[in-house]
Structures are given as structure tokens and as C-alpha cells.
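S.K.: What follows is a structure written as C-alpha cells; I'll ask about it next.
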Amino acid sequence: MAHSLNLDLFTRVQSDFESQQYKILAGLKAISEDFQMNKIYPHLSHLVELYTTLDDILNRLQDLRNEFPKRIKKIDFVNEVIEHEVVFVDGSDLSKVEDLIDWGLPLIKAKIEEGKTIYEFVNDEIKLEEVGIIPNYTDEGYFFVPDNEESRLLLFQYELTVFESSQDKYRSLKTAFLKGLEQEGAHRSPNAIKLDLIDENKQLPNPATFAFNTDLDFPFRETIFPVTKRKLLQQLYE
């Protein structure tokens with residue numbers, strides 16, 4: 001999904017400053033409208049990434065400003081203070097970029113807090129249950145999530161992958177949709193559903209399996225499923 005609120009709005013300040021502010025406010029308004037419908041992804045993760053990037057740019061610009069040549073702006077003979085101002089290179093928009101980021105960061109942070117409030121509520125309302133005995137090997141398995149908007153129980157297979165950088169180790173959860181059970185089939189016990197999946201896939205004879213429960217009828221793709229995946233990833237970390 002393309003975001004109308006992007007880094008270019010802050011870093012390419014070639015047009016009117018107020019025009020850029022208008023575009024940023026319009027992007028935040030669109031996100032807020034989705035939040036009001038309890039749709040938090042991909043907006044929340046996008047906002048966090050954007051905020052972190054802009055904050056880093058602002059800090060770098062301030063460091064860079066200290067390295068620019070300075071000229072005397074005012075001499076206060078009474079207090080014996082000399083004020084300097086930074087001389088930016090000709091044609092530079094760095095000052096506008098700095099001002100725009102400084103203006104926009106609090107607005108983005110407020111929107112992040114709005115999204116986090118919804119996320120935390122949903123996370124508290126989704127319960128995780130281990131199905132049967134969980135084996136020592138949990139890098140592959142199944143999980144079940146209700147889609148209450150459609151009155152269905154959705155079955156997924158997952159695979160935990162680990163990759164390392166020079167600084168840290170990262171884990172991600174790859175998921176594959178298997179099938180959906182209508183309301184009648186969903187009333188079967190999670191253990192019975194697990195046994196069916198074992199019969200269908202002999203490559204996982206003793207799979208780690210988890211069932212999620214919630215009464216929320218929030219949007220599945222934009223909220224329930226992303227929160228569920230994050231909750232499962234946290235469970236597998238333990």
C-alpha cells in the first residue's frame with residue numbers, strides 16, 4: 001500500500017512551505033480515519049519507521065548545522081555576548097527541511113500513540129492457547145485465528161525464520177493460509193482440528209499448534225491478523 005505520508009514530503013521542500021504542511025496534515029487525517037475504523041496496519045508500523053527516520057535526520061541536520069561556517073548576527077555589549085548565525089550554502093533548503101521536520105514530529109508522535117492505544121486494546125482482547133503438547137521444535141507449526149466479521153475460523157501454517165546482521169539477530173514469521181472453517185466447523189475443538197491437519201500433512205507429525213480466541217469483530221487483515229502474528233512471534237521467543 002502506497003502512503004501519502006512519506007519521507008519526500010519532509011525532505012524535498014522545493015514548493016511552498018505551507019503547501020507541504022497541508023499535504024502532511026492530509027496524510028495524517030487519512031490515517032486517523034482508518035484508526036477510527038480500527039484499522040491499524042500498515043499505518044502504525046509505517047508511522048513508527050517514519051518518525052524514527054525523521055528524528056535521525058533532524059539530529060544529523062543539527063550536527064551538520066554546527067559544522068557550517070557562522071557569521072556574527074548581533075553583539076550585546078552590555079552582557080558581553082556575541083550571537084552567531086549559521087551560513088547555509090547557496091540554494092540549500094536544509095533550513096526548511098529542519099523546520100518542517102521539527103513541526104511534523106510531534107504530530108506523528110501523537111498519531112503513533114493513537115494507533116498504539118488501539119493495538120494494546122486488541123492485544124489484550126486476543127487470547128492465545130496452546131493446543132495439545134507443544135514439542136521442543138517450534139520453528140514450524142499451525143495456528144488458528146477467528147475472523148468474527150465473517151464468522152469463520154482461519155487456519156494457518158507458520159515458519160519461523162532467523163537472520164542475522166552484523167549488529168543483531170532478527171526473527172520473522174512466514175505464514176501460509178490453509179483454509180477457513182465456517183461457523184459450524186469452527187465449533188470443533190482445536191485439538192480435533194489439529195489432528196485433521198496432521199492427517200493432511202505427514203511432514204509435520206507433531207506440530208506446534210496454537211489457537212487464538214477473541215470476541216472482537218475488528219477488521220481482520222488490518223488489525224486482528226497482524227496483532228495475532230506479533231503475539232505468536234512473542235510466544236515463540238520465550
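Ligands are numbered from 1 in the order shown, residues from 1 within each chain, and chains are lettered A, B, ... in the order they appear in the C-alpha cells.
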So which residues touch Leu204 (chain A) within 12 Å, counting only C-alpha atoms, skipping near sequence neighbours fewer than 2 positions away, as a PyMOL selection string?

M.R.: chain A and resi 135+137-142+157-159+194-202+206-209

S.K.: Could the residues in this selection be saved with N, CA and C atoms as a compact mmCIF listing (two decimals), in the first residue's frame?

M.R.:
# COMPACT_ATOMS: atom_id res chain seq x y z
N PRO A 135 5.80 -29.37 21.21
CA PRO A 135 7.10 -30.04 21.12
C PRO A 135 8.25 -29.07 21.34
N TYR A 137 10.58 -28.52 19.20
CA TYR A 137 10.78 -27.81 17.92
C TYR A 137 9.53 -26.99 17.61
N THR A 138 9.67 -25.69 17.64
CA THR A 138 8.52 -24.81 17.40
C THR A 138 8.73 -23.86 16.22
N ASP A 139 9.74 -24.14 15.40
CA ASP A 139 10.01 -23.25 14.26
C ASP A 139 8.98 -23.41 13.15
N GLU A 140 8.21 -24.51 13.20
CA GLU A 140 7.13 -24.71 12.24
C GLU A 140 5.89 -25.21 12.98
N GLY A 141 4.74 -24.90 12.43
CA GLY A 141 3.52 -25.37 13.07
C GLY A 141 2.29 -24.72 12.50
N TYR A 142 1.21 -24.73 13.28
CA TYR A 142 -0.07 -24.19 12.85
C TYR A 142 -0.61 -23.20 13.89
N GLN A 157 -0.53 -22.10 8.48
CA GLN A 157 0.73 -22.75 8.81
C GLN A 157 1.79 -21.66 8.93
N TYR A 158 2.72 -21.82 9.86
CA TYR A 158 3.75 -20.80 10.04
C TYR A 158 5.14 -21.43 9.99
N GLU A 159 6.11 -20.60 9.69
CA GLU A 159 7.52 -20.99 9.73
C GLU A 159 8.31 -19.82 10.29
N LYS A 194 -6.46 -29.86 14.89
CA LYS A 194 -5.03 -30.16 14.80
C LYS A 194 -4.82 -31.57 14.26
N LEU A 195 -5.59 -32.54 14.73
CA LEU A 195 -5.45 -33.93 14.27
C LEU A 195 -5.77 -34.04 12.78
N ASP A 196 -6.76 -33.28 12.32
CA ASP A 196 -7.08 -33.28 10.89
C ASP A 196 -5.89 -32.77 10.07
N LEU A 197 -5.25 -31.72 10.56
CA LEU A 197 -4.11 -31.15 9.84
C LEU A 197 -2.93 -32.11 9.82
N ILE A 198 -2.75 -32.87 10.90
CA ILE A 198 -1.68 -33.88 10.94
C ILE A 198 -1.93 -34.95 9.90
N ASP A 199 -3.19 -35.36 9.75
CA ASP A 199 -3.54 -36.35 8.74
C ASP A 199 -3.30 -35.82 7.33
N GLU A 200 -3.52 -34.52 7.14
CA GLU A 200 -3.38 -33.93 5.81
C GLU A 200 -1.93 -33.63 5.46
N ASN A 201 -1.08 -33.44 6.46
CA ASN A 201 0.31 -33.08 6.20
C ASN A 201 1.22 -33.99 7.03
N LYS A 202 1.69 -35.04 6.42
CA LYS A 202 2.52 -36.02 7.13
C LYS A 202 3.92 -35.49 7.43
N ASN A 206 4.19 -33.95 14.46
CA ASN A 206 3.96 -33.46 15.83
C ASN A 206 4.14 -31.95 15.85
N PRO A 207 3.22 -31.23 15.22
CA PRO A 207 3.43 -29.78 15.04
C PRO A 207 3.07 -28.96 16.27
N ALA A 208 3.84 -27.92 16.50
CA ALA A 208 3.44 -26.92 17.49
C ALA A 208 2.18 -26.24 16.96
N THR A 209 1.16 -26.14 17.80
CA THR A 209 -0.12 -25.59 17.34
C THR A 209 -0.68 -24.65 18.39

S.K.: Could you pull the residues within 12 Å of Phe163 (chain A), counting only C-alpha atoms, minus those fewer than 6 positions along the same chain, as a list of chain:residue names?

M.R.: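 Result of the neighbour search: A:Lys169, A:Tyr170, A:Arg171, A:Ser172, A:Leu173.
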
S.K.: May I ask for the distance between CA of Asp217 (chain A) and CA of Asn38 (chain A), given in Å to one decimal place?

M.R.: 9.9 Å

S.K.: How far is it from CA of Pro146 (chain A) to CA of Phe177 (chain A), in Å with one decimal?

M.R.: 12.9 Å

S.K.: Enumerate as a ChimeraX atom specification all residues of chain A assigned to strand (DSSP E) by DSSP on the backbone, naming them with the chain letters and numbers the document uses.

M.R.: /A:70-76,81-86,127-130,140-147,152-164,169-182,208-213

S.K.: So, counting only C-alpha atoms, which residue among A:Lys29, A:Arg12, A:Lys127, A:Arg188 is closest to Phe210 (chain A)?

M.R.: A:Lys127

S.K.: For the alpha helix (DSSP H) assignment from backbone DSSP, which residues of region 8-236 of chain A qualify? Please present them as an MDAnalysis selection string.

M.R.: chainID A and resid 8:11 17:36 43:67 94:125 183:186 190:200 225:236

S.K.: Keeping only C-alpha atoms, write the selected residues to a file as a short mmCIF file (atom, residue, chain, number, x, y, z; two decimals), in the first residue's frame.

M.R.:
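See part33.cif below for the written result:
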data_model
loop_
_atom_site.label_atom_id
_atom_site.label_comp_id
_atom_site.auth_asym_id
_atom_site.auth_seq_id
_atom_site.Cartn_x
_atom_site.Cartn_y
_atom_site.Cartn_z
CA ASP A 8 9.76 13.01 0.48
CA LEU A 9 7.14 15.37 1.93
CA PHE A 10 9.65 16.37 4.59
CA THR A 11 12.94 16.27 2.70
CA PHE A 17 6.31 25.50 2.93
CA GLU A 18 2.63 25.77 3.85
CA SER A 19 1.72 23.52 0.92
CA GLN A 20 3.93 20.78 2.37
CA GLN A 21 2.30 21.22 5.76
CA TYR A 22 -1.13 20.85 4.16
CA LYS A 23 -0.10 17.61 2.45
CA ILE A 24 1.29 16.21 5.72
CA LEU A 25 -1.88 17.10 7.61
CA ALA A 26 -3.96 15.47 4.87
CA GLY A 27 -1.91 12.28 5.18
CA LEU A 28 -2.32 12.22 8.95
CA LYS A 29 -6.07 12.80 8.57
CA ALA A 30 -6.39 9.80 6.23
CA ILE A 31 -4.57 7.63 8.74
CA SER A 32 -6.77 8.92 11.56
CA GLU A 33 -9.88 7.96 9.58
CA ASP A 34 -8.61 4.39 9.30
CA PHE A 35 -7.75 4.34 13.00
CA GLN A 36 -11.34 5.37 13.75
CA HIS A 43 -0.20 2.61 9.25
CA LEU A 44 1.20 2.06 12.76
CA SER A 45 4.43 0.39 11.69
CA HIS A 46 4.83 2.95 8.88
CA LEU A 47 4.44 5.86 11.30
CA VAL A 48 6.97 4.41 13.74
CA GLU A 49 9.50 3.93 10.93
CA LEU A 50 8.85 7.42 9.56
CA TYR A 51 9.19 9.02 13.00
CA THR A 52 12.48 7.22 13.69
CA THR A 53 13.91 8.22 10.31
CA LEU A 54 12.84 11.85 10.60
CA ASP A 55 14.18 12.12 14.15
CA ASP A 56 17.52 10.76 12.95
CA ILE A 57 17.57 13.23 10.03
CA LEU A 58 16.78 16.12 12.38
CA ASN A 59 19.66 15.16 14.70
CA ARG A 60 22.03 14.87 11.75
CA LEU A 61 20.95 18.24 10.40
CA GLN A 62 21.57 19.84 13.76
CA ASP A 63 25.02 18.27 13.86
CA LEU A 64 25.63 19.44 10.31
CA ARG A 65 24.45 22.95 11.20
CA ASN A 66 27.19 23.11 13.83
CA GLU A 67 29.78 22.38 11.16
CA LEU A 94 18.19 22.43 4.72
CA SER A 95 16.73 25.11 6.95
CA LYS A 96 13.24 24.50 5.56
CA VAL A 97 13.67 20.74 5.93
CA GLU A 98 14.73 21.17 9.54
CA ASP A 99 11.78 23.45 10.32
CA LEU A 100 9.28 21.13 8.63
CA ILE A 101 10.55 18.03 10.44
CA ASP A 102 10.60 19.88 13.75
CA TRP A 103 6.97 20.90 13.15
CA GLY A 104 5.83 17.46 12.00
CA LEU A 105 7.43 15.16 14.56
CA PRO A 106 5.00 15.95 17.43
CA LEU A 107 2.04 15.38 15.09
CA ILE A 108 3.38 11.99 14.02
CA LYS A 109 4.13 11.01 17.61
CA ALA A 110 0.55 11.85 18.64
CA LYS A 111 -0.79 9.69 15.81
CA ILE A 112 1.51 6.82 16.86
CA GLU A 113 0.10 7.00 20.39
CA GLU A 114 -3.41 6.84 18.94
CA GLY A 115 -2.56 3.70 17.00
CA LYS A 116 -0.75 2.12 19.95
CA THR A 117 -3.84 2.57 22.11
CA ILE A 118 -5.88 0.52 19.64
CA TYR A 119 -3.10 -2.06 19.32
CA GLU A 120 -2.80 -2.54 23.08
CA PHE A 121 -6.55 -2.92 23.45
CA VAL A 122 -6.70 -5.55 20.69
CA ASN A 123 -3.65 -7.35 22.06
CA ASP A 124 -5.31 -7.62 25.48
CA GLU A 125 -8.54 -8.92 23.95
CA GLN A 183 -19.08 -21.28 11.98
CA GLU A 184 -20.31 -24.87 12.37
CA GLY A 185 -16.89 -26.38 11.67
CA ALA A 186 -15.24 -23.84 13.91
CA PRO A 190 -8.83 -27.05 18.47
CA ASN A 191 -7.30 -30.47 19.17
CA ALA A 192 -9.64 -32.16 16.68
CA ILE A 193 -8.71 -29.58 14.03
CA LYS A 194 -5.03 -30.16 14.80
CA LEU A 195 -5.45 -33.93 14.27
CA ASP A 196 -7.08 -33.28 10.89
CA LEU A 197 -4.11 -31.15 9.84
CA ILE A 198 -1.68 -33.88 10.94
CA ASP A 199 -3.54 -36.35 8.74
CA GLU A 200 -3.38 -33.93 5.81
CA PHE A 225 -4.19 -10.85 11.92
CA PRO A 226 -1.16 -8.53 12.34
CA VAL A 227 -1.66 -8.38 16.11
CA THR A 228 -2.04 -12.16 16.22
CA LYS A 229 1.18 -12.71 14.27
CA ARG A 230 3.08 -10.41 16.61
CA LYS A 231 1.62 -12.18 19.63
CA LEU A 232 2.64 -15.57 18.25
CA LEU A 233 6.15 -14.33 17.49
CA GLN A 234 6.48 -13.15 21.10
CA GLN A 235 5.27 -16.57 22.30
CA LEU A 236 7.86 -18.35 20.19
#

S.K.: Please, what distance in Å, to one decimal, runs between CA of Asn213 (chain A) and CA of Glu129 (chain A)?

M.R.: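 Here the two named atoms are 7.9 Å from each other.
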
S.K.: Show which residues sit within 9 Å of Asn148 (chain A), as a PyMOL selection string. Count only C-alpha atoms, and ignore same-chain residues fewer than 3 positions away.

M.R.: chain A and resi 151-153+214-220

S.K.: The selected residues should be written to file as a compact mmCIF listing (two decimals), in the first residue's frame (atoms: N, CA and C atoms).

M.R.:
# COMPACT_ATOMS: atom_id res chain seq x y z
N SER A 151 -17.53 -14.65 10.52
CA SER A 151 -17.96 -15.83 11.28
C SER A 151 -17.22 -17.08 10.81
N ARG A 152 -15.91 -16.98 10.70
CA ARG A 152 -15.08 -18.10 10.23
C ARG A 152 -13.86 -18.24 11.12
N LEU A 153 -13.34 -19.47 11.16
CA LEU A 153 -12.07 -19.74 11.83
C LEU A 153 -11.05 -20.01 10.73
N THR A 214 -10.94 -14.52 20.44
CA THR A 214 -11.33 -13.14 20.70
C THR A 214 -12.78 -12.95 20.32
N ASP A 215 -13.44 -12.04 21.00
CA ASP A 215 -14.81 -11.67 20.65
C ASP A 215 -14.86 -10.43 19.77
N LEU A 216 -13.71 -9.84 19.50
CA LEU A 216 -13.67 -8.63 18.68
C LEU A 216 -14.06 -8.93 17.24
N ASP A 217 -14.79 -8.00 16.64
CA ASP A 217 -15.12 -8.13 15.22
C ASP A 217 -14.43 -7.01 14.43
N PHE A 218 -13.21 -6.68 14.84
CA PHE A 218 -12.42 -5.66 14.16
C PHE A 218 -11.96 -6.20 12.79
N PRO A 219 -11.54 -5.31 11.89
CA PRO A 219 -11.05 -5.76 10.57
C PRO A 219 -9.94 -6.79 10.72
N PHE A 220 -10.08 -7.88 10.00
CA PHE A 220 -9.15 -9.00 10.16
C PHE A 220 -7.78 -8.67 9.57
